[in-house]
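Asks: Here you go, entry.txt (compact mmCIF, C-alpha atoms and all ligand atoms):
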# COMPACT_ATOMS: atom_id res chain seq x y z
CA MET A 1 58.38 56.94 54.43
CA SER A 2 59.05 53.45 53.10
CA ALA A 3 56.45 51.10 51.65
CA VAL A 4 54.81 48.71 54.11
CA GLN A 5 53.47 45.35 53.16
CA HIS A 6 49.93 45.58 54.46
CA ALA A 7 47.28 47.99 55.72
CA ARG A 8 44.30 47.61 58.01
CA ILE A 9 41.40 49.51 59.51
CA LEU A 10 42.67 50.79 62.88
CA GLY A 11 39.47 52.43 64.11
CA ILE A 12 35.89 53.24 63.13
CA GLY A 13 33.40 55.92 64.20
CA SER A 14 30.05 57.36 63.19
CA TYR A 15 27.66 60.25 63.60
CA ARG A 16 23.87 59.98 63.39
CA PRO A 17 21.84 63.19 63.23
CA VAL A 18 19.68 63.90 66.27
CA ARG A 19 16.29 64.07 64.53
CA GLU A 20 14.56 60.75 63.91
CA VAL A 21 12.00 60.86 61.11
CA PRO A 22 9.51 57.98 61.13
CA ASN A 23 7.74 56.93 57.92
CA ALA A 24 4.60 58.66 59.21
CA GLU A 25 6.34 62.01 58.65
CA VAL A 26 7.14 61.42 54.97
CA VAL A 27 4.09 59.51 53.68
CA ASP A 28 1.59 62.33 53.14
CA ALA A 29 3.73 64.25 50.64
CA ILE A 30 4.17 61.12 48.46
CA ASP A 31 0.76 59.48 48.94
CA SER A 32 2.35 56.42 50.52
CA SER A 33 2.03 54.42 53.74
CA ASP A 34 4.25 53.15 56.52
CA GLU A 35 3.32 49.61 55.50
CA TRP A 36 4.25 50.12 51.80
CA ILE A 37 7.63 51.65 52.66
CA GLN A 38 8.51 48.92 55.15
CA GLN A 39 7.44 46.15 52.80
CA ARG A 40 9.27 47.56 49.72
CA SER A 41 12.46 48.80 51.41
CA GLY A 42 12.65 47.68 55.05
CA ILE A 43 12.85 51.31 56.23
CA ARG A 44 10.91 52.30 59.39
CA SER A 45 12.60 55.61 60.09
CA ARG A 46 15.63 57.66 59.09
CA ARG A 47 17.62 60.63 60.44
CA PHE A 48 17.53 64.11 58.90
CA ALA A 49 20.28 66.55 59.87
CA GLY A 50 19.36 69.95 61.29
CA ALA A 51 20.84 73.27 60.15
CA ASP A 52 23.75 72.94 62.58
CA GLU A 53 24.54 69.36 61.50
CA THR A 54 26.55 69.97 58.33
CA VAL A 55 28.54 67.65 56.07
CA VAL A 56 31.67 69.00 57.78
CA SER A 57 30.45 68.84 61.39
CA MET A 58 29.02 65.32 61.00
CA SER A 59 32.30 64.17 59.41
CA VAL A 60 34.40 65.69 62.18
CA ALA A 61 32.28 63.93 64.83
CA ALA A 62 32.56 60.55 63.04
CA ALA A 63 36.30 61.06 62.49
CA ARG A 64 36.87 61.85 66.19
CA GLY A 65 35.21 58.54 67.04
CA ALA A 66 37.42 56.65 64.56
CA LEU A 67 40.58 58.36 65.86
CA ALA A 68 39.68 57.56 69.48
CA HIS A 69 39.00 53.93 68.54
CA ALA A 70 42.40 53.78 66.79
CA GLY A 71 44.16 55.51 69.71
CA LEU A 72 45.45 58.25 67.40
CA GLU A 73 45.42 62.05 67.34
CA GLY A 74 44.36 64.12 64.34
CA THR A 75 47.97 65.27 63.93
CA GLN A 76 48.99 61.67 63.19
CA VAL A 77 46.77 61.53 60.08
CA ASP A 78 48.54 62.48 56.87
CA THR A 79 45.75 62.01 54.29
CA VAL A 80 42.01 62.76 54.48
CA ILE A 81 39.68 61.28 51.85
CA VAL A 82 36.02 62.29 51.96
CA ALA A 83 33.38 60.47 49.90
CA THR A 84 30.22 62.52 49.43
CA VAL A 85 27.77 63.90 46.86
CA SER A 86 26.09 66.37 49.19
CA HIS A 87 28.82 68.89 50.07
CA LEU A 88 27.06 71.66 48.20
CA LEU A 89 30.01 74.00 47.95
CA GLN A 90 31.87 73.29 44.71
CA THR A 91 35.14 74.34 46.29
CA PRO A 92 36.98 74.04 48.68
CA ALA A 93 36.57 70.31 49.18
CA ALA A 94 34.84 69.17 52.38
CA ALA A 95 38.04 67.24 53.17
CA SER A 96 40.06 70.47 53.46
CA LEU A 97 37.63 71.90 56.00
CA ILE A 98 37.46 68.63 57.97
CA ALA A 99 41.27 68.31 57.97
CA ALA A 100 41.60 71.85 59.35
CA GLU A 101 39.18 71.12 62.21
CA LEU A 102 40.95 67.88 63.10
CA GLY A 103 44.46 69.32 62.76
CA THR A 104 45.59 66.64 60.29
CA LYS A 105 48.69 67.07 58.12
CA GLY A 106 49.19 66.37 54.43
CA ALA A 107 46.65 65.84 51.65
CA ALA A 108 42.88 66.28 51.93
CA PHE A 109 40.52 65.73 49.01
CA ASP A 110 36.98 64.64 48.15
CA ILE A 111 36.00 61.80 45.86
CA SER A 112 32.73 61.42 43.98
CA ALA A 113 31.49 57.87 43.51
CA ALA A 114 28.06 58.32 45.11
CA CYS A 115 26.91 55.40 47.27
CA ALA A 116 30.08 53.48 46.34
CA GLY A 117 32.34 56.33 47.48
CA PHE A 118 33.36 54.98 50.89
CA CYS A 119 34.55 51.63 49.50
CA HIS A 120 36.47 53.55 46.81
CA GLY A 121 38.11 55.54 49.62
CA VAL A 122 39.07 52.39 51.52
CA ALA A 123 40.68 51.01 48.33
CA LEU A 124 42.66 54.22 47.80
CA ALA A 125 43.76 54.36 51.44
CA ASN A 126 44.87 50.73 51.38
CA ASP A 127 47.09 51.36 48.36
CA LEU A 128 48.41 54.71 49.65
CA VAL A 129 49.56 53.09 52.90
CA ARG A 130 50.98 50.02 51.17
CA GLY A 131 52.77 52.17 48.60
CA GLY A 132 54.40 54.33 51.27
CA SER A 133 52.64 57.57 50.26
CA ALA A 134 50.75 57.82 53.54
CA GLU A 135 50.93 56.39 57.05
CA HIS A 136 47.49 57.06 58.51
CA VAL A 137 44.59 57.80 56.17
CA LEU A 138 41.20 59.02 57.41
CA VAL A 139 38.37 57.88 55.12
CA VAL A 140 34.97 59.51 55.67
CA GLY A 141 31.64 58.66 54.05
CA VAL A 142 29.17 61.48 54.68
CA GLU A 143 25.86 62.69 53.27
CA LYS A 144 23.21 65.27 53.93
CA LEU A 145 20.90 63.90 51.25
CA SER A 146 17.87 65.63 52.78
CA ASP A 147 19.27 68.79 51.12
CA ILE A 148 19.08 67.27 47.63
CA THR A 149 16.02 65.02 47.93
CA SER A 150 12.57 66.26 46.98
CA ALA A 151 10.02 65.56 49.73
CA THR A 152 7.39 65.04 47.01
CA ASP A 153 9.33 62.57 44.82
CA ARG A 154 7.65 59.19 45.35
CA GLY A 155 10.67 57.21 44.23
CA THR A 156 13.26 58.75 46.57
CA ALA A 157 11.70 60.77 49.41
CA PHE A 158 11.34 57.77 51.74
CA ILE A 159 14.77 56.30 50.89
CA PHE A 160 17.50 58.91 51.25
CA ALA A 161 18.81 60.19 54.59
CA ASP A 162 21.74 61.76 56.45
CA GLY A 163 24.76 60.69 58.53
CA ALA A 164 28.51 60.11 58.57
CA GLY A 165 30.90 57.22 59.15
CA ALA A 166 34.70 57.17 59.22
CA VAL A 167 37.66 54.83 59.48
CA VAL A 168 41.38 55.32 60.00
CA ILE A 169 43.58 53.07 57.87
CA GLY A 170 47.24 52.46 58.68
CA PRO A 171 50.08 49.90 58.53
CA SER A 172 49.54 46.26 59.42
CA ASP A 173 51.78 43.22 59.89
CA VAL A 174 49.24 40.95 58.20
CA PRO A 175 46.90 41.37 55.20
CA ALA A 176 43.67 42.99 56.44
CA ILE A 177 42.18 44.78 53.40
CA SER A 178 41.80 42.80 50.19
CA PRO A 179 42.35 44.19 46.70
CA VAL A 180 39.20 46.01 45.56
CA VAL A 181 36.80 44.84 42.85
CA TRP A 182 35.31 48.01 41.40
CA GLY A 183 33.90 49.52 38.26
CA SER A 184 31.55 51.97 36.64
CA ASP A 185 28.77 51.41 34.12
CA GLY A 186 28.27 54.86 32.61
CA GLU A 187 25.89 53.45 29.98
CA GLN A 188 23.35 53.29 32.81
CA SER A 189 24.20 56.65 34.38
CA ASP A 190 20.63 57.87 33.79
CA LEU A 191 19.22 55.45 36.39
CA ILE A 192 20.22 57.60 39.39
CA ARG A 193 21.17 61.24 38.86
CA GLN A 194 20.65 64.84 39.86
CA ASN A 195 17.66 66.07 37.82
CA ILE A 196 19.26 69.37 36.73
CA ASP A 197 22.70 70.93 37.22
CA TRP A 198 23.14 73.83 39.63
CA GLY A 199 24.29 76.30 36.95
CA THR A 200 21.23 75.72 34.79
CA ALA A 201 18.96 75.87 37.82
CA VAL A 202 20.30 79.28 38.84
CA ARG A 203 20.56 80.74 35.31
CA ASP A 204 17.00 79.67 34.46
CA ASN A 205 15.62 80.78 37.84
CA VAL A 206 14.30 77.30 38.54
CA ASP A 207 12.22 77.71 41.67
CA GLU A 208 13.21 74.43 43.34
CA MET A 209 16.42 72.77 44.60
CA PRO A 210 17.98 70.38 42.07
CA HIS A 211 17.35 66.90 43.48
CA LEU A 212 18.05 63.21 42.99
CA VAL A 213 15.86 61.16 40.66
CA MET A 214 15.97 57.39 40.29
CA GLN A 215 14.49 54.65 38.10
CA GLY A 216 13.90 52.40 41.09
CA SER A 217 12.93 49.11 39.42
CA ALA A 218 15.90 49.15 37.01
CA VAL A 219 18.31 49.97 39.87
CA PHE A 220 16.76 47.19 41.91
CA ARG A 221 17.32 44.59 39.15
CA TRP A 222 20.91 45.73 38.48
CA ALA A 223 21.90 45.85 42.14
CA SER A 224 20.34 42.54 43.14
CA PHE A 225 22.06 40.41 40.52
CA ALA A 226 25.16 42.17 39.16
CA MET A 227 26.34 43.11 42.67
CA ALA A 228 26.18 39.57 44.04
CA LYS A 229 28.68 38.62 41.31
CA VAL A 230 30.97 41.52 42.26
CA ALA A 231 30.82 40.52 45.93
CA LEU A 232 31.79 36.94 45.07
CA GLU A 233 34.70 38.25 42.97
CA ALA A 234 35.90 40.31 45.95
CA ILE A 235 35.86 37.22 48.19
CA ASP A 236 37.80 35.32 45.57
CA LYS A 237 40.34 38.15 45.17
CA ALA A 238 40.86 38.04 48.95
CA GLY A 239 41.82 34.37 48.59
CA LEU A 240 38.74 33.34 50.59
CA THR A 241 35.40 31.57 50.08
CA VAL A 242 31.95 32.49 51.42
CA ASP A 243 32.62 30.09 54.30
CA ASP A 244 35.40 32.40 55.55
CA ILE A 245 33.12 35.46 55.79
CA ASP A 246 31.84 36.41 59.27
CA VAL A 247 30.06 39.69 58.57
CA PHE A 248 28.30 41.06 55.46
CA VAL A 249 27.97 44.83 55.18
CA PRO A 250 26.23 45.66 51.91
CA HIS A 251 25.33 49.22 50.98
CA GLN A 252 22.11 49.95 52.85
CA ALA A 253 20.04 50.60 49.71
CA ASN A 254 17.10 48.30 50.30
CA ASN A 255 16.64 45.24 52.52
CA ARG A 256 15.13 43.31 49.60
CA ILE A 257 18.29 43.86 47.53
CA THR A 258 20.32 42.54 50.47
CA ASP A 259 18.07 39.46 50.67
CA VAL A 260 18.48 38.67 46.95
CA MET A 261 22.26 39.10 47.20
CA ILE A 262 22.46 36.71 50.17
CA ARG A 263 20.49 34.06 48.28
CA THR A 264 22.43 34.53 45.02
CA MET A 265 25.79 34.35 46.82
CA LYS A 266 24.64 31.38 48.94
CA LEU A 267 26.00 33.15 51.99
CA PRO A 268 25.94 30.79 55.01
CA GLU A 269 23.16 31.53 57.52
CA ARG A 270 25.66 32.12 60.34
CA VAL A 271 27.05 35.23 58.57
CA ARG A 272 25.93 38.34 60.46
CA VAL A 273 24.28 40.82 58.07
CA ALA A 274 24.02 44.62 58.46
CA ARG A 275 20.41 45.86 58.56
CA ASP A 276 21.10 49.45 59.53
CA ILE A 277 18.69 50.70 56.84
CA VAL A 278 15.71 49.94 59.11
CA ASP A 279 16.25 53.10 61.15
CA ALA A 280 18.92 54.90 59.12
CA GLY A 281 17.47 54.86 55.58
CA ASN A 282 19.87 54.97 52.64
CA THR A 283 22.69 57.35 53.53
CA SER A 284 24.66 56.77 50.31
CA ALA A 285 28.43 57.15 50.96
CA ALA A 286 27.84 56.97 54.74
CA SER A 287 25.84 53.76 54.70
CA VAL A 288 28.62 51.13 54.85
CA PRO A 289 30.71 52.76 57.62
CA LEU A 290 27.56 53.63 59.62
CA ALA A 291 26.36 50.03 59.39
CA LEU A 292 29.76 48.51 60.24
CA SER A 293 30.26 50.94 63.09
CA ARG A 294 26.94 49.93 64.65
CA MET A 295 27.83 46.23 64.34
CA VAL A 296 31.16 46.90 66.08
CA ASP A 297 29.45 48.92 68.85
CA GLU A 298 26.83 46.22 69.39
CA GLY A 299 29.33 43.33 69.35
CA GLU A 300 27.88 41.83 66.15
CA ALA A 301 31.19 42.42 64.35
CA ARG A 302 34.15 41.41 66.51
CA SER A 303 37.78 42.35 66.21
CA GLY A 304 39.47 39.99 63.73
CA ASP A 305 36.25 39.08 61.90
CA LYS A 306 36.34 39.03 58.11
CA ALA A 307 33.79 41.56 56.82
CA LEU A 308 32.64 41.68 53.21
CA LEU A 309 31.88 45.28 52.19
CA ILE A 310 30.09 46.18 48.97
CA ALA A 311 28.65 49.51 47.87
CA PHE A 312 26.93 50.56 44.65
CA GLY A 313 24.93 53.44 43.26
CA ALA A 314 24.89 56.41 40.87
CA GLY A 315 27.39 56.21 38.07
CA LEU A 316 26.59 53.39 38.09
CA ALA A 317 29.63 52.88 40.32
CA PHE A 318 30.43 49.94 42.56
CA ALA A 319 33.26 48.70 44.82
CA ALA A 320 33.74 45.70 47.10
CA GLN A 321 36.48 44.38 49.36
CA VAL A 322 37.00 42.11 52.35
CA VAL A 323 38.37 43.83 55.47
CA THR A 324 39.37 42.65 58.92
CA VAL A 325 37.21 44.24 61.62
CA PRO A 326 39.33 46.47 63.95
N1 LIG B 1 4.42 54.82 47.93
C1 LIG B 1 3.37 54.04 47.58
N2 LIG B 1 3.24 53.50 46.34
C2 LIG B 1 4.21 53.76 45.46
C3 LIG B 1 5.34 54.56 45.77
C4 LIG B 1 5.40 55.10 47.05
N3 LIG B 1 6.43 55.87 47.46
N4 LIG B 1 6.13 54.63 44.69
C5 LIG B 1 5.56 53.89 43.73
N5 LIG B 1 4.39 53.36 44.20
C6 LIG B 1 3.47 52.47 43.50
C7 LIG B 1 3.43 52.74 42.01
O1 LIG B 1 2.49 53.73 41.72
C8 LIG B 1 3.03 51.38 41.47
O2 LIG B 1 1.64 51.23 41.64
P1 LIG B 1 0.76 50.39 40.56
O3 LIG B 1 1.30 48.98 40.62
O4 LIG B 1 -0.63 50.52 41.08
O5 LIG B 1 1.01 51.05 39.25
C9 LIG B 1 3.72 50.40 42.42
O6 LIG B 1 3.96 51.14 43.64
C10 LIG B 1 5.02 49.86 41.89
O7 LIG B 1 5.82 50.97 41.41
P2 LIG B 1 7.33 50.81 41.09
O8 LIG B 1 7.89 52.15 40.76
O9 LIG B 1 7.48 49.70 40.08
O10 LIG B 1 7.86 50.40 42.52
P3 LIG B 1 8.91 49.26 42.92
O11 LIG B 1 8.23 48.00 43.24
O12 LIG B 1 10.03 49.23 41.94
O13 LIG B 1 9.43 49.87 44.29
C11 LIG B 1 11.34 51.09 45.05
C12 LIG B 1 10.02 51.15 44.33
C13 LIG B 1 12.01 52.46 44.98
C14 LIG B 1 11.09 50.69 46.51
C15 LIG B 1 12.22 50.00 44.40
O14 LIG B 1 12.24 50.16 43.00
C16 LIG B 1 13.61 50.01 44.91
O15 LIG B 1 13.86 49.83 46.09
N6 LIG B 1 14.59 50.19 44.03
C17 LIG B 1 15.98 50.23 44.40
C18 LIG B 1 16.24 51.56 44.97
C19 LIG B 1 17.54 51.63 45.64
O16 LIG B 1 17.88 50.76 46.38
N7 LIG B 1 18.23 52.68 45.36
C20 LIG B 1 19.45 52.95 45.97
C21 LIG B 1 20.56 52.49 45.15
S1 LIG B 1 21.90 53.45 45.59
Mind turning the file's structure into structure tokens?
Ligand code: COA

Replies:
Amino acid sequence: MSAVQHARILGIGSYRPVREVPNAEVVDAIDSSDEWIQQRSGIRSRRFAGADETVVSMSVAAARGALAHAGLEGTQVDTVIVATVSHLLQTPAAASLIAAELGTKGAAFDISAACAGFCHGVALANDLVRGGSAEHVLVVGVEKLSDITSATDRGTAFIFADGAGAVVIGPSDVPAISPVVWGSDGEQSDLIRQNIDWGTAVRDNVDEMPHLVMQGSAVFRWASFAMAKVALEAIDKAGLTVDDIDVFVPHQANNRITDVMIRTMKLPERVRVARDIVDAGNTSAASVPLALSRMVDEGEARSGDKALLIAFGAGLAFAAQVVTVP
């Protein structure tokens, strides 16, 4: 396979778990209210996966949608990259299992960059295709965070949720995925983390699932301001200005963070902004592809539009790029 000049997103798909969980169902365990949650985060409801909706099955469903949209078969994919923090089996990687179900060829591996994982995967896929190492790369963002969220943790129980989104990335005649702006601030890795590692939990007979904990206010301050700068850098690296952006798909962490970013970036009012969090919650690695997929389905993001993607979270890891909507 020879190197090609450019890569683009050829198709996008998603899977949302069947069960809708309104705020009313989560408030009692955390002494909260529907009004407080909506005002602080924008979330009205989220989806929690059932026992038969696994990280693998949700990914396969989202991937089938992306393949159909791209007009490709699983056998035409030669690399599968899965971004997740909630595939609870240490090995084999979720990607291997997903690749087997889809009948893809070639490499399959997971990456761990928490909420920023999907945008990391898009960056890798872009460079793999452009470098000639792969022709069609499937990138999945998937989470079943309800497995690793404590229903009684006031800072996280109303935020985290489940779902999967996927894209297929392949060759393009024109530039359609910009170079990524990404990074990791490990000095602040305590702000979002798993409270205890699995080995310790089992060895010490801890009578509760290890779960995510977060210092919400500090994450809020970091995300609102530092991430607007990263997003502007990504636009600049794409050779564009905010006036060229049609669609803004930020990680669906909190609607108030999105609002601050829009103001800080001075994003024009005509830019269409993803607000999937309202009924999807924060689905970590799945949030950007789920939100973009909905905008494509509903005609809010049209083929050829320039979409600014940015995702950020535990690590603290972040990644942003401008892509052309398929
Ligand atoms: N329900 C009701 N009240 C709550 C609450 C809850 N779930 N959690 C905290 N409170 C109360 C606190 O007790 C406190 O009350 P007080 O003022 O009487 O002492 C008040 O709300 C403020 O607490 P604080 O922890 O400072 O909340 P906050 O304003 O920072 O809001 C978040 C909490 C989680 C909504 C907010 O910090 C946030 O969205 N952070 C970013 C999280 C995020 O996006 N993470 C994903 C990144 S990947």

Asks: Contacts between ligand LIG 1 (chain B) and chain A, please, where a residue of chain A counts if it comes within 8 Å (with all atoms listed in the file); show its shortest atom pair and distance in Å to one decimal, rows by chain and ascending number, as JSON lines.

Replies:
{"residue": "A:Val27", "atom": "CA", "partner": "B:LIG1", "partner_atom": "N1", "distance": 7.4}
{"residue": "A:Ile30", "atom": "CA", "partner": "B:LIG1", "partner_atom": "N3", "distance": 5.8}
{"residue": "A:Asp31", "atom": "CA", "partner": "B:LIG1", "partner_atom": "N1", "distance": 6.0}
{"residue": "A:Ser32", "atom": "CA", "partner": "B:LIG1", "partner_atom": "N1", "distance": 3.7}
{"residue": "A:Ser33", "atom": "CA", "partner": "B:LIG1", "partner_atom": "N1", "distance": 6.3}
{"residue": "A:Trp36", "atom": "CA", "partner": "B:LIG1", "partner_atom": "C1", "distance": 5.8}
{"residue": "A:Ile37", "atom": "CA", "partner": "B:LIG1", "partner_atom": "N1", "distance": 6.5}
{"residue": "A:Arg40", "atom": "CA", "partner": "B:LIG1", "partner_atom": "C14", "distance": 4.8}
{"residue": "A:Ser41", "atom": "CA", "partner": "B:LIG1", "partner_atom": "C14", "distance": 5.4}
{"residue": "A:Ala114", "atom": "CA", "partner": "B:LIG1", "partner_atom": "S1", "distance": 7.9}
{"residue": "A:Cys115", "atom": "CA", "partner": "B:LIG1", "partner_atom": "S1", "distance": 5.6}
{"residue": "A:Asp153", "atom": "CA", "partner": "B:LIG1", "partner_atom": "N3", "distance": 7.8}
{"residue": "A:Arg154", "atom": "CA", "partner": "B:LIG1", "partner_atom": "N3", "distance": 4.1}
{"residue": "A:Gly155", "atom": "CA", "partner": "B:LIG1", "partner_atom": "C13", "distance": 5.0}
{"residue": "A:Thr156", "atom": "CA", "partner": "B:LIG1", "partner_atom": "C13", "distance": 6.6}
{"residue": "A:Ala157", "atom": "CA", "partner": "B:LIG1", "partner_atom": "N3", "distance": 7.5}
{"residue": "A:Phe158", "atom": "CA", "partner": "B:LIG1", "partner_atom": "N3", "distance": 6.8}
{"residue": "A:Ile159", "atom": "CA", "partner": "B:LIG1", "partner_atom": "N7", "distance": 7.5}
{"residue": "A:Ile192", "atom": "CA", "partner": "B:LIG1", "partner_atom": "S1", "distance": 7.6}
{"residue": "A:Met214", "atom": "CA", "partner": "B:LIG1", "partner_atom": "N7", "distance": 7.3}
{"residue": "A:Gln215", "atom": "CA", "partner": "B:LIG1", "partner_atom": "O14", "distance": 7.0}
{"residue": "A:Gly216", "atom": "CA", "partner": "B:LIG1", "partner_atom": "O14", "distance": 3.4}
{"residue": "A:Ser217", "atom": "CA", "partner": "B:LIG1", "partner_atom": "O14", "distance": 3.8}
{"residue": "A:Ala218", "atom": "CA", "partner": "B:LIG1", "partner_atom": "O14", "distance": 7.1}
{"residue": "A:Val219", "atom": "CA", "partner": "B:LIG1", "partner_atom": "C17", "distance": 5.1}
{"residue": "A:Phe220", "atom": "CA", "partner": "B:LIG1", "partner_atom": "C17", "distance": 4.0}
{"residue": "A:Arg221", "atom": "CA", "partner": "B:LIG1", "partner_atom": "C17", "distance": 7.8}
{"residue": "A:Ala223", "atom": "CA", "partner": "B:LIG1", "partner_atom": "C21", "distance": 7.4}
{"residue": "A:His251", "atom": "CA", "partner": "B:LIG1", "partner_atom": "S1", "distance": 7.7}
{"residue": "A:Gln252", "atom": "CA", "partner": "B:LIG1", "partner_atom": "O16", "distance": 7.8}
{"residue": "A:Ala253", "atom": "CA", "partner": "B:LIG1", "partner_atom": "O16", "distance": 4.0}
{"residue": "A:Asn254", "atom": "CA", "partner": "B:LIG1", "partner_atom": "O16", "distance": 4.7}
{"residue": "A:Arg256", "atom": "CA", "partner": "B:LIG1", "partner_atom": "O15", "distance": 7.5}
{"residue": "A:Ile257", "atom": "CA", "partner": "B:LIG1", "partner_atom": "O16", "distance": 7.0}
{"residue": "A:Asn282", "atom": "CA", "partner": "B:LIG1", "partner_atom": "C20", "distance": 7.0}
{"residue": "A:Ser284", "atom": "CA", "partner": "B:LIG1", "partner_atom": "S1", "distance": 6.4}
{"residue": "A:Phe312", "atom": "CA", "partner": "B:LIG1", "partner_atom": "S1", "distance": 5.9}
{"residue": "A:Gly313", "atom": "CA", "partner": "B:LIG1", "partner_atom": "S1", "distance": 3.8}
{"residue": "A:Ala314", "atom": "CA", "partner": "B:LIG1", "partner_atom": "S1", "distance": 6.3}

Asks: Which distance in Å separates CA of Leu10 (chain A) and CA of Ala228 (chain A), to one decimal?

Replies: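 CA of Ala228 (chain A) lies at a distance of 27.4 Å from CA of Leu10 (chain A).
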
Asks: For CA of Ser184 (chain A) and CA of Ala164 (chain A), determine how far apart the two atoms are, in Å to one decimal place.

Replies: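 These two atoms are separated by 23.6 Å.
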
Asks: Excluding Leu308 (chain A) and its own-chain neighbours fewer than 4 positions away, which residues fall within 12 Å of it when counting all atoms listed in the file? Please give them as a PyMOL selection string.

Replies: chain A and resi 119+176-181+228+230-238+240-251+262+265+267+271-274+288+292+301+319-325

Asks: Kindly save the residues from that selection, with C-alpha atoms included, as a JSON list (two decimals), in the coordinates of the input.

Replies:
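Ended up saving to selection38.json:
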[["chain", "number", "residue", "atom", "x", "y", "z"],
["A", 119, "CYS", "CA", 34.55, 51.63, 49.50],
["A", 176, "ALA", "CA", 43.67, 42.99, 56.44],
["A", 177, "ILE", "CA", 42.18, 44.78, 53.40],
["A", 178, "SER", "CA", 41.80, 42.80, 50.19],
["A", 179, "PRO", "CA", 42.35, 44.19, 46.70],
["A", 180, "VAL", "CA", 39.20, 46.01, 45.56],
["A", 181, "VAL", "CA", 36.80, 44.84, 42.85],
["A", 228, "ALA", "CA", 26.18, 39.57, 44.04],
["A", 230, "VAL", "CA", 30.97, 41.52, 42.26],
["A", 231, "ALA", "CA", 30.82, 40.52, 45.93],
["A", 232, "LEU", "CA", 31.79, 36.94, 45.07],
["A", 233, "GLU", "CA", 34.70, 38.25, 42.97],
["A", 234, "ALA", "CA", 35.90, 40.31, 45.95],
["A", 235, "ILE", "CA", 35.86, 37.22, 48.19],
["A", 236, "ASP", "CA", 37.80, 35.32, 45.57],
["A", 237, "LYS", "CA", 40.34, 38.15, 45.17],
["A", 238, "ALA", "CA", 40.86, 38.04, 48.95],
["A", 240, "LEU", "CA", 38.74, 33.34, 50.59],
["A", 241, "THR", "CA", 35.40, 31.57, 50.08],
["A", 242, "VAL", "CA", 31.95, 32.49, 51.42],
["A", 243, "ASP", "CA", 32.62, 30.09, 54.30],
["A", 244, "ASP", "CA", 35.40, 32.40, 55.55],
["A", 245, "ILE", "CA", 33.12, 35.46, 55.79],
["A", 246, "ASP", "CA", 31.84, 36.41, 59.27],
["A", 247, "VAL", "CA", 30.06, 39.69, 58.57],
["A", 248, "PHE", "CA", 28.30, 41.06, 55.46],
["A", 249, "VAL", "CA", 27.97, 44.83, 55.18],
["A", 250, "PRO", "CA", 26.23, 45.66, 51.91],
["A", 251, "HIS", "CA", 25.33, 49.22, 50.98],
["A", 262, "ILE", "CA", 22.46, 36.71, 50.17],
["A", 265, "MET", "CA", 25.79, 34.35, 46.82],
["A", 267, "LEU", "CA", 26.00, 33.15, 51.99],
["A", 271, "VAL", "CA", 27.05, 35.23, 58.57],
["A", 272, "ARG", "CA", 25.93, 38.34, 60.46],
["A", 273, "VAL", "CA", 24.28, 40.82, 58.07],
["A", 274, "ALA", "CA", 24.02, 44.62, 58.46],
["A", 288, "VAL", "CA", 28.62, 51.13, 54.85],
["A", 292, "LEU", "CA", 29.76, 48.51, 60.24],
["A", 301, "ALA", "CA", 31.19, 42.42, 64.35],
["A", 319, "ALA", "CA", 33.26, 48.70, 44.82],
["A", 320, "ALA", "CA", 33.74, 45.70, 47.10],
["A", 321, "GLN", "CA", 36.48, 44.38, 49.36],
["A", 322, "VAL", "CA", 37.00, 42.11, 52.35],
["A", 323, "VAL", "CA", 38.37, 43.83, 55.47],
["A", 324, "THR", "CA", 39.37, 42.65, 58.92],
["A", 325, "VAL", "CA", 37.21, 44.24, 61.62]]

Asks: Using CA of Ala125 (chain A) and CA of Gln194 (chain A) as the two end points, give the distance in Å to one decimal.

Replies: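 Straight-line distance from CA of Ala125 (chain A) to CA of Gln194 (chain A) works out to 27.9 Å.
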
Asks: Determine, counting only C-alpha atoms, which protein, DNA and RNA residues have an atom within 12 Å of an atom of Arg46 (chain A); residues of the same chain fewer than 5 positions away are not included. Present the result as a PyMOL selection string.

Replies: chain A and resi 16-26+37-38+144-146+157-163+252+276-283+287

Asks: Nearest to Val56 (chain A): which of A:Glu300, A:Glu101, A:Asp185, A:Asp204 is it, counting only C-alpha atoms?

Replies: A:Glu101

Asks: At a cut-off of 9 Å, using all atoms listed in the file, what residues contact Ile12 (chain A)? Leave out same-chain residues fewer than 2 positions from it and give the result as JSON, numbers by chain.

Replies: {"A": [9, 10, 14, 62, 63, 65, 66, 67, 68, 69, 70, 165, 166, 167, 168, 289, 292, 293, 296, 326]}

Asks: Env of Thr79 (chain A): 8 Å cut, atoms = only C-alpha atoms, seq-sep filter 2 positions within chain, self excluded. Answer as a list in words.

Replies: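 Neighbouring residues, sequence-local ones excluded: Val77, Ile81, Thr104, Lys105, Gly106, Ala107, Ala108, Ala134, His136, Val137 and Leu138 of chain A.
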
Asks: Out of A:Asn255, A:Pro210, A:Asp305, A:Met261, which residue has the shortest atom-to-atom distance to Gln39 (chain A) when counting all atoms listed in the file?

Replies: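 Of all the options, A:Asn255 lies closest to Gln39 (chain A).
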
Asks: Any idea what's packed within 8 Å of Ala285 (chain A), counting only C-alpha atoms, ignoring anything in its chain fewer than 5 positions away? Could you give it as a list in words?

Replies: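 So, after excluding close chain neighbours, the residues are Ala83, Thr84, Val85, Ala114, Cys115, Ala116, Gly117, Phe118, Gly141, Val142 and Glu143 of chain A.
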
Asks: Could you tell me which of A:Ser59, A:Ala29, A:Gly183, A:Trp198 comes closest to Leu89 (chain A) if we count all atoms listed in the file?

Replies: A:Trp198

Asks: Under the rule that all atoms listed in the file are counted, which of A:Leu309, A:Glu269, A:Met209, A:Val174 is the nearest residue to Ala291 (chain A)?

Replies: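 Once distances to Ala291 (chain A) are computed over all atoms listed in the file, the minimum belongs to A:Leu309.
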
Asks: Please determine, counting all atoms listed in the file, which residue among A:Asn126, A:Gln188, A:Thr75, A:Gln90 has the shortest atom-to-atom distance to Gly315 (chain A).

Replies: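 Result for the nearest residue to Gly315 (chain A): A:Gln188.
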